[in-house]
file upload_10.cif (mmCIF, C-alpha atoms)
data_my_file
loop_
_atom_site.label_atom_id
_atom_site.label_comp_id
_atom_site.auth_asym_id
_atom_site.auth_seq_id
_atom_site.Cartn_x
_atom_site.Cartn_y
_atom_site.Cartn_z
CA MET I 90 -10.32 -22.59 8.34
CA SER I 91 -10.92 -26.04 9.80
CA ILE I 92 -11.27 -25.43 13.53
CA GLY I 93 -11.26 -29.15 14.24
CA HIS I 94 -7.91 -29.70 12.54
CA THR I 95 -6.43 -26.62 14.14
CA LEU I 96 -7.45 -27.74 17.62
CA LEU I 97 -6.12 -31.23 16.88
CA GLY I 98 -2.82 -29.71 15.79
CA LEU I 99 -2.64 -27.72 19.01
CA LEU I 100 -3.11 -30.95 20.96
CA GLU I 101 -0.12 -32.59 19.31
CA SER I 102 2.28 -30.87 21.68
CA GLY I 103 0.47 -32.36 24.70
CA PRO I 104 -2.95 -32.77 26.36
CA ARG I 105 -4.90 -29.60 27.17
CA HIS I 106 -8.12 -28.53 28.81
CA GLY I 107 -10.87 -27.00 26.66
CA TYR I 108 -10.32 -23.48 28.01
CA ASP I 109 -6.60 -23.83 27.42
CA LEU I 110 -7.24 -24.87 23.81
CA LYS I 111 -9.47 -21.85 23.26
CA ARG I 112 -6.81 -19.54 24.67
CA ALA I 113 -4.09 -21.05 22.50
CA PHE I 114 -6.30 -20.84 19.40
CA ASP I 115 -7.27 -17.20 20.01
CA GLU I 116 -3.69 -16.21 20.68
CA LYS I 117 -2.28 -17.79 17.55
CA PHE I 118 -5.09 -17.73 15.00
CA GLY I 119 -8.10 -15.89 16.36
CA HIS I 120 -6.98 -12.29 15.86
CA ASP I 121 -10.17 -11.36 14.09
CA ARG I 122 -12.51 -14.06 15.28
CA PRO I 123 -11.89 -15.56 18.72
CA LEU I 124 -13.57 -18.91 19.31
CA HIS I 125 -16.69 -19.22 21.43
CA TYR I 126 -16.49 -21.78 24.21
CA GLY I 127 -19.49 -23.49 22.63
CA GLN I 128 -17.52 -23.99 19.39
CA VAL I 129 -14.65 -25.56 21.31
CA TYR I 130 -16.85 -28.04 23.13
CA SER I 131 -18.98 -28.97 20.14
CA THR I 132 -15.80 -29.49 18.10
CA MET I 133 -14.20 -31.57 20.85
CA SER I 134 -17.26 -33.81 21.19
CA ARG I 135 -17.21 -34.37 17.42
CA LEU I 136 -13.49 -35.24 17.56
CA LEU I 137 -14.17 -37.56 20.51
CA LYS I 138 -16.97 -39.31 18.61
CA HIS I 139 -14.63 -39.90 15.65
CA GLY I 140 -11.88 -41.23 17.89
CA LEU I 141 -9.45 -38.43 16.99
CA VAL I 142 -9.11 -37.31 20.63
CA GLU I 143 -9.69 -38.97 23.98
CA VAL I 144 -10.40 -37.70 27.45
CA ASP I 145 -7.12 -37.73 29.33
CA GLY I 146 -8.51 -36.73 32.69
CA ILE I 147 -11.28 -34.82 34.41
CA GLU I 148 -10.59 -32.33 37.16
CA ALA I 149 -12.78 -32.34 40.21
CA GLY I 150 -15.73 -29.96 39.94
CA GLY I 151 -17.19 -31.42 36.73
CA GLY I 152 -18.46 -29.42 33.77
CA PRO I 153 -17.18 -29.66 30.21
CA GLU I 154 -14.36 -27.17 30.77
CA ARG I 155 -12.76 -29.52 33.27
CA LYS I 156 -12.06 -32.21 30.70
CA ARG I 157 -8.52 -32.63 29.54
CA TYR I 158 -8.16 -33.86 25.95
CA ALA I 159 -5.33 -35.78 24.30
CA ILE I 160 -4.86 -36.47 20.61
CA THR I 161 -5.05 -40.12 19.45
CA ASP I 162 -2.90 -41.80 16.75
CA ALA I 163 -5.86 -41.48 14.39
CA GLY I 164 -5.97 -37.78 15.25
CA ILE I 165 -2.30 -37.34 14.40
CA THR I 166 -2.84 -39.08 11.05
CA ASP I 167 -5.84 -36.83 10.39
CA VAL I 168 -3.87 -33.64 11.10
CA GLU I 169 -1.06 -34.91 8.89
CA ARG I 170 -3.46 -35.58 6.01
CA TRP I 171 -5.05 -32.14 6.40
CA LEU I 172 -1.68 -30.41 6.43
CA VAL I 173 -0.41 -32.07 3.26
CA THR I 174 -3.63 -31.61 1.26
CA PRO I 175 -3.60 -28.33 -0.70
CA GLU I 176 -6.57 -25.97 -0.27
CA LYS I 177 -8.93 -25.52 -3.16
CA PRO I 178 -8.08 -22.15 -4.72
CA GLU I 179 -11.21 -20.10 -4.10
CA GLU I 180 -12.58 -17.75 -6.63
CA TYR I 181 -13.50 -15.10 -4.10
CA LEU I 182 -15.15 -12.08 -5.58
CA GLN I 183 -14.58 -12.42 -9.29
CA SER I 184 -17.86 -14.10 -10.10
CA THR I 185 -19.94 -11.47 -8.28
CA LEU I 186 -17.94 -8.60 -9.71
CA TYR I 187 -18.01 -10.08 -13.18
CA THR I 188 -21.80 -10.36 -12.93
CA LYS I 189 -22.07 -6.72 -11.82
CA VAL I 190 -19.84 -5.50 -14.64
CA VAL I 191 -21.68 -7.46 -17.30
CA LEU I 192 -25.06 -6.33 -15.97
CA ALA I 193 -23.86 -2.71 -16.00
CA LEU I 194 -22.77 -3.08 -19.63
CA LEU I 195 -26.04 -4.76 -20.60
CA THR I 196 -28.10 -2.01 -18.97
CA GLU I 197 -25.86 0.77 -20.34
CA ARG I 198 -24.69 1.83 -16.92
CA ASP I 199 -21.14 3.01 -16.24
CA ALA I 200 -19.17 -0.20 -15.65
CA SER I 201 -15.90 1.65 -14.98
CA ASP I 202 -17.72 3.39 -12.16
CA ILE I 203 -18.40 0.02 -10.52
CA LEU I 204 -14.74 -0.95 -10.94
CA ASP I 205 -13.48 2.38 -9.53
CA THR I 206 -15.75 2.13 -6.51
CA GLN I 207 -14.68 -1.46 -5.91
CA ARG I 208 -10.99 -0.50 -6.20
CA SER I 209 -11.53 2.20 -3.65
CA GLU I 210 -13.21 -0.25 -1.26
CA HIS I 211 -10.37 -2.74 -1.72
CA LEU I 212 -7.80 -0.03 -1.06
CA ARG I 213 -9.65 0.97 2.08
CA SER I 214 -9.28 -2.60 3.40
CA MET I 215 -5.66 -2.68 2.28
CA ARG I 216 -4.92 0.54 4.20
CA ILE I 217 -6.37 -0.97 7.39
CA LEU I 218 -4.31 -4.15 6.93
CA THR I 219 -1.15 -2.17 6.10
CA ASP I 220 -1.60 -0.09 9.22
CA ARG I 221 -2.13 -3.20 11.34
CA LYS I 222 0.96 -4.74 9.78
CA ARG I 223 3.09 -1.69 10.57
CA LYS I 224 2.08 -1.80 14.21
CA GLY I 225 2.01 -5.57 14.65
CA ASP I 226 4.47 -8.37 15.30
CA LEU I 227 5.70 -10.89 12.75
CA ALA I 228 2.58 -13.07 13.13
CA ASP I 229 0.38 -10.05 12.40
CA GLN I 230 2.54 -9.15 9.45
CA LEU I 231 2.24 -12.59 7.88
CA ILE I 232 -1.51 -12.80 8.42
CA CYS I 233 -2.03 -9.31 6.99
CA ASP I 234 0.29 -10.03 4.06
CA HIS I 235 -1.80 -13.03 3.07
CA ALA I 236 -4.97 -10.94 3.05
CA LEU I 237 -3.17 -8.11 1.24
CA PHE I 238 -1.97 -10.38 -1.55
CA HIS I 239 -5.50 -11.68 -2.08
CA LEU I 240 -6.92 -8.19 -2.26
CA GLU I 241 -4.12 -7.25 -4.63
CA ALA I 242 -5.02 -10.16 -6.89
CA ASP I 243 -8.61 -8.92 -7.04
CA LEU I 244 -7.33 -5.47 -7.88
CA ARG I 245 -5.20 -6.76 -10.72
CA TRP I 246 -8.29 -8.40 -12.12
CA LEU I 247 -10.17 -5.09 -11.74
CA GLU I 248 -7.46 -3.22 -13.67
CA LEU I 249 -7.41 -5.80 -16.43
CA THR I 250 -11.20 -5.74 -16.70
CA ALA I 251 -11.20 -1.92 -16.73
CA ALA I 252 -8.77 -2.03 -19.65
CA ARG I 253 -10.99 -4.49 -21.51
CA LEU I 254 -14.40 -2.94 -20.94
CA ASP I 255 -14.89 -1.90 -24.56
CA LYS I 256 -14.18 -5.42 -25.81
CA LEU I 257 -16.36 -6.92 -23.09
CA ARG I 258 -19.21 -4.59 -24.02
CA GLU I 259 -18.94 -5.73 -27.64
CA ALA I 260 -18.91 -9.37 -26.57
CA VAL I 261 -21.86 -9.26 -24.19
CA THR I 262 -24.14 -6.99 -26.21
CA ARG I 263 -23.59 -8.81 -29.47
CA MET L 289 -11.55 28.28 -9.71
CA THR L 290 -10.72 28.44 -5.98
CA PRO L 291 -8.59 25.59 -4.61
CA PRO L 292 -10.22 23.43 -1.89
CA PRO L 293 -9.86 25.12 1.53
CA GLY L 294 -6.67 24.22 3.39
CA SER L 295 -5.02 22.64 0.37
CA LEU L 296 -1.31 23.20 -0.10
CA LEU L 297 -1.16 22.26 -3.75
CA ALA L 298 -4.19 22.23 -6.03
CA ALA L 299 -4.86 21.94 -9.73
CA GLU L 300 -8.01 22.46 -11.78
CA ASP L 301 -8.92 21.55 -15.33
CA LEU L 302 -5.40 20.73 -16.48
CA ARG L 303 -4.88 20.05 -20.16
CA LYS L 304 -1.64 18.98 -21.73
CA ALA L 305 -1.01 17.56 -25.19
CA TYR L 306 2.19 16.14 -26.64
CA GLY L 307 1.62 16.58 -30.36
CA PRO L 308 -1.62 14.81 -31.22
CA THR L 309 -1.61 12.88 -27.90
CA LEU L 310 -3.75 14.33 -25.16
CA ALA L 311 -1.95 13.44 -21.90
CA LEU L 312 -4.18 15.46 -19.57
CA ASP L 313 -7.77 16.26 -20.39
CA GLY L 314 -9.28 18.30 -17.58
CA ALA L 315 -7.48 16.65 -14.64
CA ALA L 316 -7.85 18.05 -11.12
CA PHE L 317 -5.90 17.45 -7.93
CA SER L 318 -5.52 18.74 -4.40
CA ILE L 319 -3.47 17.81 -1.37
CA HIS L 320 -3.24 19.05 2.21
CA PRO L 321 -0.10 19.35 4.34
CA GLY L 322 0.78 15.99 5.92
CA GLU L 323 -1.40 14.05 3.50
CA VAL L 324 -0.25 11.14 1.33
CA VAL L 325 -2.25 10.94 -1.91
CA ALA L 326 -1.74 8.09 -4.36
CA VAL L 327 -2.16 8.86 -8.05
CA MET L 328 -3.18 5.61 -9.70
CA GLY L 329 -4.05 4.56 -13.20
CA PRO L 330 -2.88 2.34 -16.05
CA SER L 331 0.33 3.00 -18.00
CA GLY L 332 -0.08 5.94 -20.33
CA SER L 333 -3.09 7.31 -18.42
CA GLY L 334 -1.38 10.64 -17.74
CA LYS L 335 -0.35 10.16 -14.11
CA SER L 336 3.32 11.05 -14.61
CA THR L 337 2.36 14.08 -16.71
CA LEU L 338 0.10 15.17 -13.87
CA LEU L 339 2.99 14.86 -11.41
CA HIS L 340 5.32 16.81 -13.72
CA CYS L 341 2.76 19.61 -14.09
CA LEU L 342 2.09 19.76 -10.33
CA ALA L 343 5.81 19.96 -9.62
CA GLY L 344 6.27 22.81 -12.09
CA ILE L 345 8.57 20.72 -14.29
CA VAL L 346 6.24 20.81 -17.29
CA PRO L 347 3.79 23.69 -17.89
CA PRO L 348 0.22 22.62 -18.71
CA ASP L 349 -1.36 23.96 -21.91
CA SER L 350 -4.25 25.29 -19.84
CA GLY L 351 -5.75 25.06 -16.37
CA SER L 352 -4.53 26.36 -13.06
CA ILE L 353 -2.07 25.09 -10.45
CA THR L 354 -1.78 26.86 -7.11
CA TYR L 355 0.88 26.19 -4.50
CA ALA L 356 0.41 27.81 -1.08
CA GLY L 357 -2.05 30.22 -2.64
CA ARG L 358 0.17 31.25 -5.58
CA GLU L 359 -0.42 30.44 -9.24
CA LEU L 360 2.53 28.51 -10.65
CA ALA L 361 1.90 30.04 -14.08
CA GLY L 362 2.38 33.50 -12.60
CA MET L 363 5.91 32.70 -11.38
CA SER L 364 9.11 33.30 -13.33
CA ASP L 365 11.27 30.33 -14.32
CA ALA L 366 13.76 31.31 -11.61
CA GLU L 367 11.00 31.37 -8.98
CA ARG L 368 9.74 27.97 -10.08
CA SER L 369 13.28 26.55 -9.95
CA ALA L 370 13.75 27.95 -6.46
CA LEU L 371 10.44 26.39 -5.43
CA ARG L 372 11.53 22.99 -6.75
CA ARG L 373 14.86 23.25 -4.92
CA SER L 374 13.62 24.37 -1.54
CA GLU L 375 9.94 23.46 -1.15
CA PHE L 376 9.66 20.30 -3.24
CA GLY L 377 11.46 16.96 -2.96
CA PHE L 378 11.63 14.25 -5.61
CA VAL L 379 12.04 10.48 -5.59
CA PHE L 380 11.99 8.55 -8.85
CA GLN L 381 11.83 4.87 -9.73
CA PHE L 382 15.58 4.63 -10.09
CA GLY L 383 17.28 6.64 -7.36
CA GLN L 384 19.20 8.78 -9.86
CA LEU L 385 22.04 9.30 -7.44
CA VAL L 386 25.23 10.93 -8.70
CA PRO L 387 27.60 7.96 -9.17
CA GLU L 388 30.80 9.94 -8.52
CA LEU L 389 29.64 11.18 -5.10
CA THR L 390 29.46 9.16 -1.89
CA CYS L 391 26.02 8.47 -0.43
CA VAL L 392 26.33 11.20 2.20
CA GLU L 393 27.47 13.68 -0.45
CA ASN L 394 24.47 12.71 -2.56
CA VAL L 395 22.08 13.31 0.32
CA ALA L 396 23.79 16.61 1.18
CA LEU L 397 23.68 17.81 -2.44
CA PRO L 398 20.35 19.70 -2.38
CA LEU L 399 21.51 21.64 0.69
CA ARG L 400 24.88 22.38 -0.92
CA LEU L 401 23.05 23.71 -4.00
CA ASN L 402 21.07 26.01 -1.71
CA GLY L 403 24.34 27.41 -0.32
CA THR L 404 24.64 25.46 2.96
CA SER L 405 28.23 24.79 4.09
CA ARG L 406 29.62 21.33 3.48
CA LYS L 407 29.92 20.51 7.15
CA GLN L 408 26.38 21.59 8.00
CA ALA L 409 24.92 19.93 4.92
CA GLU L 410 26.61 16.61 5.66
CA ARG L 411 25.54 16.73 9.29
CA ALA L 412 21.90 17.18 8.25
CA ALA L 413 22.35 14.51 5.56
CA LEU L 414 23.58 12.01 8.12
CA THR L 415 20.59 12.65 10.38
CA TRP L 416 18.27 11.79 7.49
CA MET L 417 20.36 8.77 6.57
CA GLU L 418 19.97 7.50 10.13
CA ARG L 419 16.20 7.86 9.88
CA LEU L 420 16.23 5.93 6.63
CA GLU L 421 18.57 3.33 8.22
CA VAL L 422 21.38 3.86 5.70
CA ASP L 423 23.87 5.89 7.78
CA GLY L 424 26.26 2.93 7.62
CA LEU L 425 26.64 3.54 3.88
CA LYS L 426 27.71 7.14 4.09
CA ASP L 427 31.14 6.67 2.51
CA LYS L 428 30.02 4.21 -0.15
CA ARG L 429 29.29 5.23 -3.72
CA PRO L 430 25.87 4.44 -5.27
CA GLY L 431 27.41 1.64 -7.36
CA GLU L 432 28.44 -0.15 -4.16
CA VAL L 433 24.99 -0.33 -2.54
CA SER L 434 21.90 -2.46 -3.30
CA GLY L 435 18.82 -1.16 -5.09
CA GLY L 436 16.81 -0.93 -1.88
CA GLN L 437 19.62 0.86 -0.05
CA GLY L 438 20.13 3.27 -2.95
CA GLN L 439 16.43 4.09 -2.96
CA ARG L 440 16.53 4.88 0.77
CA VAL L 441 19.49 7.16 0.12
CA ALA L 442 17.39 8.83 -2.60
CA VAL L 443 14.51 9.28 -0.13
CA ALA L 444 16.91 10.83 2.40
CA ARG L 445 18.13 13.19 -0.32
CA ALA L 446 14.56 14.16 -1.19
CA LEU L 447 13.75 14.92 2.45
CA VAL L 448 16.97 16.64 3.52
CA THR L 449 15.65 20.10 2.64
CA GLU L 450 12.48 19.29 4.63
CA PRO L 451 10.28 19.92 1.59
CA ARG L 452 6.62 20.77 2.02
CA VAL L 453 5.71 18.49 -0.88
CA LEU L 454 7.41 15.23 -1.76
CA PHE L 455 6.80 13.94 -5.29
CA ALA L 456 7.41 10.21 -5.59
CA ASP L 457 7.06 8.64 -9.04
CA GLU L 458 6.92 4.83 -8.73
CA PRO L 459 9.44 4.99 -5.85
CA THR L 460 9.43 1.23 -5.32
CA GLY L 461 9.00 0.18 -8.93
CA ALA L 462 12.49 -1.28 -9.16
CA LEU L 463 12.47 -3.05 -5.77
CA ASP L 464 11.29 -6.45 -4.55
CA SER L 465 8.23 -6.37 -2.30
CA LEU L 466 10.04 -6.55 1.06
CA ASN L 467 12.42 -3.72 0.18
CA GLY L 468 9.64 -1.78 -1.48
CA GLU L 469 7.47 -1.94 1.62
CA ARG L 470 10.30 -0.90 3.90
CA VAL L 471 11.01 2.10 1.66
CA MET L 472 7.32 3.04 1.77
CA GLU L 473 7.19 2.70 5.56
CA LEU L 474 10.24 4.86 6.05
CA LEU L 475 9.19 7.37 3.40
CA THR L 476 5.68 7.89 4.78
CA ASP L 477 6.88 7.94 8.43
CA ALA L 478 9.53 10.54 7.59
CA ALA L 479 7.11 12.66 5.56
CA ARG L 480 4.46 12.55 8.29
CA SER L 481 7.00 13.56 10.91
CA THR L 482 7.69 16.80 9.01
CA ASN L 483 4.05 17.30 7.93
CA ALA L 484 5.10 17.09 4.29
CA ALA L 485 2.48 16.28 1.67
CA VAL L 486 3.32 13.29 -0.52
CA VAL L 487 2.15 12.92 -4.12
CA LEU L 488 2.70 9.24 -4.78
CA VAL L 489 2.41 8.03 -8.36
CA THR L 490 2.05 4.25 -8.42
CA HIS L 491 0.28 1.48 -10.26
CA GLU L 492 0.83 -0.93 -7.35
CA ALA L 493 -2.04 -1.32 -4.92
CA ARG L 494 0.24 -2.44 -2.08
CA VAL L 495 2.18 0.80 -2.41
CA ALA L 496 -1.00 2.85 -2.69
CA ALA L 497 -2.14 1.24 0.57
CA TYR L 498 0.38 3.49 2.33
CA SER L 499 -1.58 6.56 1.19
CA ASP L 500 -4.47 8.32 2.91
CA ARG L 501 -6.57 8.44 -0.25
CA GLU L 502 -6.22 7.95 -3.96
CA ILE L 503 -7.12 9.64 -7.19
CA VAL L 504 -7.45 7.63 -10.35
CA VAL L 505 -6.27 8.97 -13.70
CA ARG L 506 -7.66 7.46 -16.87
CA ASP L 507 -7.38 8.92 -20.37
CA GLY L 508 -6.05 12.16 -18.91
CA LYS L 509 -9.06 12.63 -16.65
CA SER L 510 -8.84 12.33 -12.88
CA ARG L 511 -11.27 10.98 -10.36
CA ASP L 512 -10.95 11.75 -6.69
CA MET L 513 -12.26 8.62 -5.01
CA GLU L 514 -12.78 10.20 -1.59
CA ARG L 515 -14.90 13.00 -2.96
CA ALA L 516 -16.66 10.72 -5.41
CA VAL L 517 -18.09 8.41 -2.75
#

call {"tool": "encode", "arguments": {"input": "upload_10.cif", "output": "structure tokens"}}
result
Amino acid sequence: MSIGHTLLGLLESGPRHGYDLKRAFDEKFGHDRPLHYGQVYSTMSRLLKHGLVEVDGIEAGGGPERKRYAITDAGITDVERWLVTPEKPEEYLQSTLYTKVVLALLTERDASDILDTQRSEHLRSMRILTDRKRKGDLADQLICDHALFHLEADLRWLELTAARLDKLREAVTR
Amino acid sequence: MTPPPGSLLAAEDLRKAYGPTLALDGAAFSIHPGEVVAVMGPSGSGKSTLLHCLAGIVPPDSGSITYAGRELAGMSDAERSALRRSEFGFVFQFGQLVPELTCVENVALPLRLNGTSRKQAERAALTWMERLEVDGLKDKRPGEVSGGQGQRVAVARALVTEPRVLFADEPTGALDSLNGERVMELLTDAARSTNAAVVLVTHEARVAAYSDREIVVRDGKSRDMERAV
């Protein structure tokens, strides 16, 4: 996730202090990984340098947490561009798993064993997410669903590979 | 072979052939009260045959199945039928509700077959329909409700006798993912509240994620992933 763009997006509704930005980020997006203050301030100084935000005011007392940031027109354009650009579909685990399966076949190990163990590990994660989803609010449900669908896609690949192991063995040991 | 300690239903070394096709080839299984176990595997791997054997619907060619300490093979047909009616509940991919009966009559049916009065049976049926959030459909016939609603009615019917084991064979296979997940939530919540064991046959990982553990069936052989790791 682009923290810079997310913080910029949060600033679109109005200027905020650094600590306020961190709180808003953690509440909405940081379920698993809350931001460190250091990340907020290093990101804000980068955005400042690029003219995407400006300092809107400084409270008495000094220190970086007292700065209030506002998004600039360039910042709004940047958020807009980020939002409309599709993410590169990532290949996640397949390449690693494919390598493991092929190596197992080449060394005459049990490749279906690797696939079964991986399925079990995926299901373990899916159980945790499903449980969190059952207990959570709509935001939790949507975040967990996204992760669940990705894990499910991996699992479909595992099943397909399991069904094709004999052919794959022929192909790679030829 | 002795079943694992504390297990309610256990099977060892099951073999079953349909003509030249070996459907089960030494499969094993065990489940504890209150546990949800997913039976996974590709189409034709033998998972439905395993469920049918465990439920006493189909006898295995060899191997042992014990329920609450008793060998299924040692029971008479009448005893096995009684077991299926009172101790086991069933949910299939398509609800298989009786089209001529209303939803509440469908849910009450297993109790009626066990000799419960109509009034009592329908009262209990309605309680289960409330839990499955379909009490509003009590006077409708299965043809008048959606797939997801019909499946919840079928789950209520499976649970109305408070079975000790619920067998669910692809219970969400005919539903879209939102409805399927709701059915799974309600089914597993209801089963856990009565400490029923659930044998859940599915090829869908998202459905299996509602289980406590899974066994994988491939070429008629089973692999218990919890015990394997």

call {"tool": "residues_around", "arguments": {"input": "upload_10.cif", "residues": "Asp365 in chain L", "least_positions_apart": "4", "cutoff": "12 Å", "atoms": "all atoms listed in the file", "output": "number ranges by chain"}}
result
L: 344-347, 360-361, 369-372

call {"tool": "resolve_selection", "arguments": {"input": "upload_10.cif", "expression": "the PyMOL selection byres ((chain L) within 10 of (chain I))", "output": "VMD selection string"}}
result
chain L and resid 329 to 330 469 to 470 473 491 to 504 506 511 513 to 514 516 to 517

call {"tool": "resolve_selection", "arguments": {"input": "upload_10.cif", "expression": "the PyMOL selection byres ((chain L and resi 442-454) around 9)", "output": "ChimeraX atom specification"}}
result
/L:296-297,321-322,343,372-380,382-385,391-392,394-399,409,412-420,422,437-441,455-456,459,471,474-475,478-479,482-488

call {"tool": "resolve_selection", "arguments": {"input": "upload_10.cif", "expression": "the PyMOL selection byres ((chain L and resi 318) around 9)", "output": "list in words"}}
result
Pro291, Pro292, Ser295, Leu296, Leu297, Ala298, Ala299, Glu300, Ala316, Phe317, Ile319, His320 and Val325 of chain L

call {"tool": "write_last_selection", "arguments": {"input": "upload_10.cif", "atoms": "C-alpha atoms", "output": "JSON list (two decimals), in the frame of the given file"}}
result
[["chain", "number", "residue", "atom", "x", "y", "z"],
["L", 291, "PRO", "CA", -8.59, 25.59, -4.61],
["L", 292, "PRO", "CA", -10.22, 23.43, -1.89],
["L", 295, "SER", "CA", -5.02, 22.64, 0.37],
["L", 296, "LEU", "CA", -1.31, 23.20, -0.10],
["L", 297, "LEU", "CA", -1.16, 22.26, -3.75],
["L", 298, "ALA", "CA", -4.19, 22.23, -6.03],
["L", 299, "ALA", "CA", -4.86, 21.94, -9.73],
["L", 300, "GLU", "CA", -8.01, 22.46, -11.78],
["L", 316, "ALA", "CA", -7.85, 18.05, -11.12],
["L", 317, "PHE", "CA", -5.90, 17.45, -7.93],
["L", 319, "ILE", "CA", -3.47, 17.81, -1.37],
["L", 320, "HIS", "CA", -3.24, 19.05, 2.21],
["L", 325, "VAL", "CA", -2.25, 10.94, -1.91]]

call {"tool": "residues_around", "arguments": {"input": "upload_10.cif", "residues": "Ala200 in chain I", "least_positions_apart": "4", "cutoff": "8 Å", "atoms": "all atoms listed in the file", "output": "list in words"}}
result
Val190, Val191, Ala193, Leu194, Leu204 and Leu254 of chain I

call {"tool": "atom_distance", "arguments": {"input": "upload_10.cif", "atom1": "CA of Ile165 in chain I", "atom2": "CA of Leu231 in chain I"}}
result
26.0 Å

call {"tool": "residues_around", "arguments": {"input": "upload_10.cif", "residues": "Val489 in chain L", "least_positions_apart": "4", "cutoff": "8 Å", "atoms": "only C-alpha atoms", "output": "PyMOL selection string"}}
result
chain L and resi 326-328+335-336+339+455-458

call {"tool": "atom_distance", "arguments": {"input": "upload_10.cif", "atom1": "CA of His235 in chain I", "atom2": "CA of Asp121 in chain I"}}
result
13.9 Å

call {"tool": "residues_around", "arguments": {"input": "upload_10.cif", "residues": "Leu192 in chain I", "least_positions_apart": "5", "cutoff": "12 Å", "atoms": "only C-alpha atoms", "output": "list in words"}}
result
Thr185, Leu186, Tyr187, Glu197, Arg198, Asp199, Ala200, Ile203, Leu257, Arg258, Val261 and Thr262 of chain I

call {"tool": "residues_around", "arguments": {"input": "upload_10.cif", "residues": "range 112-117 of chain I", "least_positions_apart": "5", "cutoff": "12 Å", "atoms": "all atoms listed in the file", "output": "PyMOL selection string"}}
result
chain I and resi 90-100+102+105-107+122-126+128-129+226-229+231-232

call {"tool": "atom_distance", "arguments": {"input": "upload_10.cif", "atom1": "CA of Lys407 in chain L", "atom2": "CA of Lys426 in chain L"}}
result
13.9 Å

call {"tool": "residues_near_point", "arguments": {"input": "upload_10.cif", "point": "(-5.6, -40.0, 16.9)", "cutoff": "9 Å", "atoms": "all atoms listed in the file", "output": "JSON, numbers by chain"}}
result
{"I": [97, 140, 141, 142, 143, 159, 160, 161, 162, 163, 164, 165, 166, 167, 168]}

call {"tool": "closest_residue", "arguments": {"input": "upload_10.cif", "among": "I:Arg170, I:Arg135, I:Arg157, I:Val144", "to": "Leu110 in chain I", "atoms": "only C-alpha atoms"}}
result
I:Arg157

call {"tool": "build_atoms", "arguments": {"input": "upload_10.cif", "residues": "range 411-422 of chain L", "atoms": "N, CA and C atoms", "output": "PDB file, keeping the file's coordinate frame"}}
result
ATOM      1  N   ARG L 411      26.090  17.073   7.974  1.00  0.00           N
ATOM      2  CA  ARG L 411      25.540  16.730   9.290  1.00  0.00           C
ATOM      3  C   ARG L 411      24.038  16.452   9.155  1.00  0.00           C
ATOM      4  N   ALA L 412      23.360  17.367   8.455  1.00  0.00           N
ATOM      5  CA  ALA L 412      21.900  17.180   8.250  1.00  0.00           C
ATOM      6  C   ALA L 412      21.655  15.917   7.427  1.00  0.00           C
ATOM      7  N   ALA L 413      22.506  15.685   6.427  1.00  0.00           N
ATOM      8  CA  ALA L 413      22.350  14.510   5.560  1.00  0.00           C
ATOM      9  C   ALA L 413      22.432  13.236   6.389  1.00  0.00           C
ATOM     10  N   LEU L 414      23.367  13.214   7.314  1.00  0.00           N
ATOM     11  CA  LEU L 414      23.580  12.010   8.120  1.00  0.00           C
ATOM     12  C   LEU L 414      22.373  11.745   9.030  1.00  0.00           C
ATOM     13  N   THR L 415      21.778  12.824   9.545  1.00  0.00           N
ATOM     14  CA  THR L 415      20.590  12.650  10.380  1.00  0.00           C
ATOM     15  C   THR L 415      19.481  11.965   9.574  1.00  0.00           C
ATOM     16  N   TRP L 416      19.298  12.409   8.316  1.00  0.00           N
ATOM     17  CA  TRP L 416      18.270  11.790   7.490  1.00  0.00           C
ATOM     18  C   TRP L 416      18.641  10.372   7.099  1.00  0.00           C
ATOM     19  N   MET L 417      19.933  10.141   6.904  1.00  0.00           N
ATOM     20  CA  MET L 417      20.360   8.770   6.570  1.00  0.00           C
ATOM     21  C   MET L 417      20.116   7.832   7.731  1.00  0.00           C
ATOM     22  N   GLU L 418      20.268   8.327   8.954  1.00  0.00           N
ATOM     23  CA  GLU L 418      19.970   7.500  10.130  1.00  0.00           C
ATOM     24  C   GLU L 418      18.489   7.135  10.144  1.00  0.00           C
ATOM     25  N   ARG L 419      17.641   8.131   9.872  1.00  0.00           N
ATOM     26  CA  ARG L 419      16.200   7.860   9.880  1.00  0.00           C
ATOM     27  C   ARG L 419      15.815   6.852   8.827  1.00  0.00           C
ATOM     28  N   LEU L 420      16.532   6.870   7.715  1.00  0.00           N
ATOM     29  CA  LEU L 420      16.230   5.930   6.630  1.00  0.00           C
ATOM     30  C   LEU L 420      17.063   4.646   6.764  1.00  0.00           C
ATOM     31  N   GLU L 421      17.783   4.531   7.888  1.00  0.00           N
ATOM     32  CA  GLU L 421      18.570   3.330   8.220  1.00  0.00           C
ATOM     33  C   GLU L 421      19.652   3.026   7.185  1.00  0.00           C
ATOM     34  N   VAL L 422      20.282   4.072   6.655  1.00  0.00           N
ATOM     35  CA  VAL L 422      21.380   3.860   5.700  1.00  0.00           C
ATOM     36  C   VAL L 422      22.621   4.657   6.090  1.00  0.00           C
TER      37      VAL L 422
END
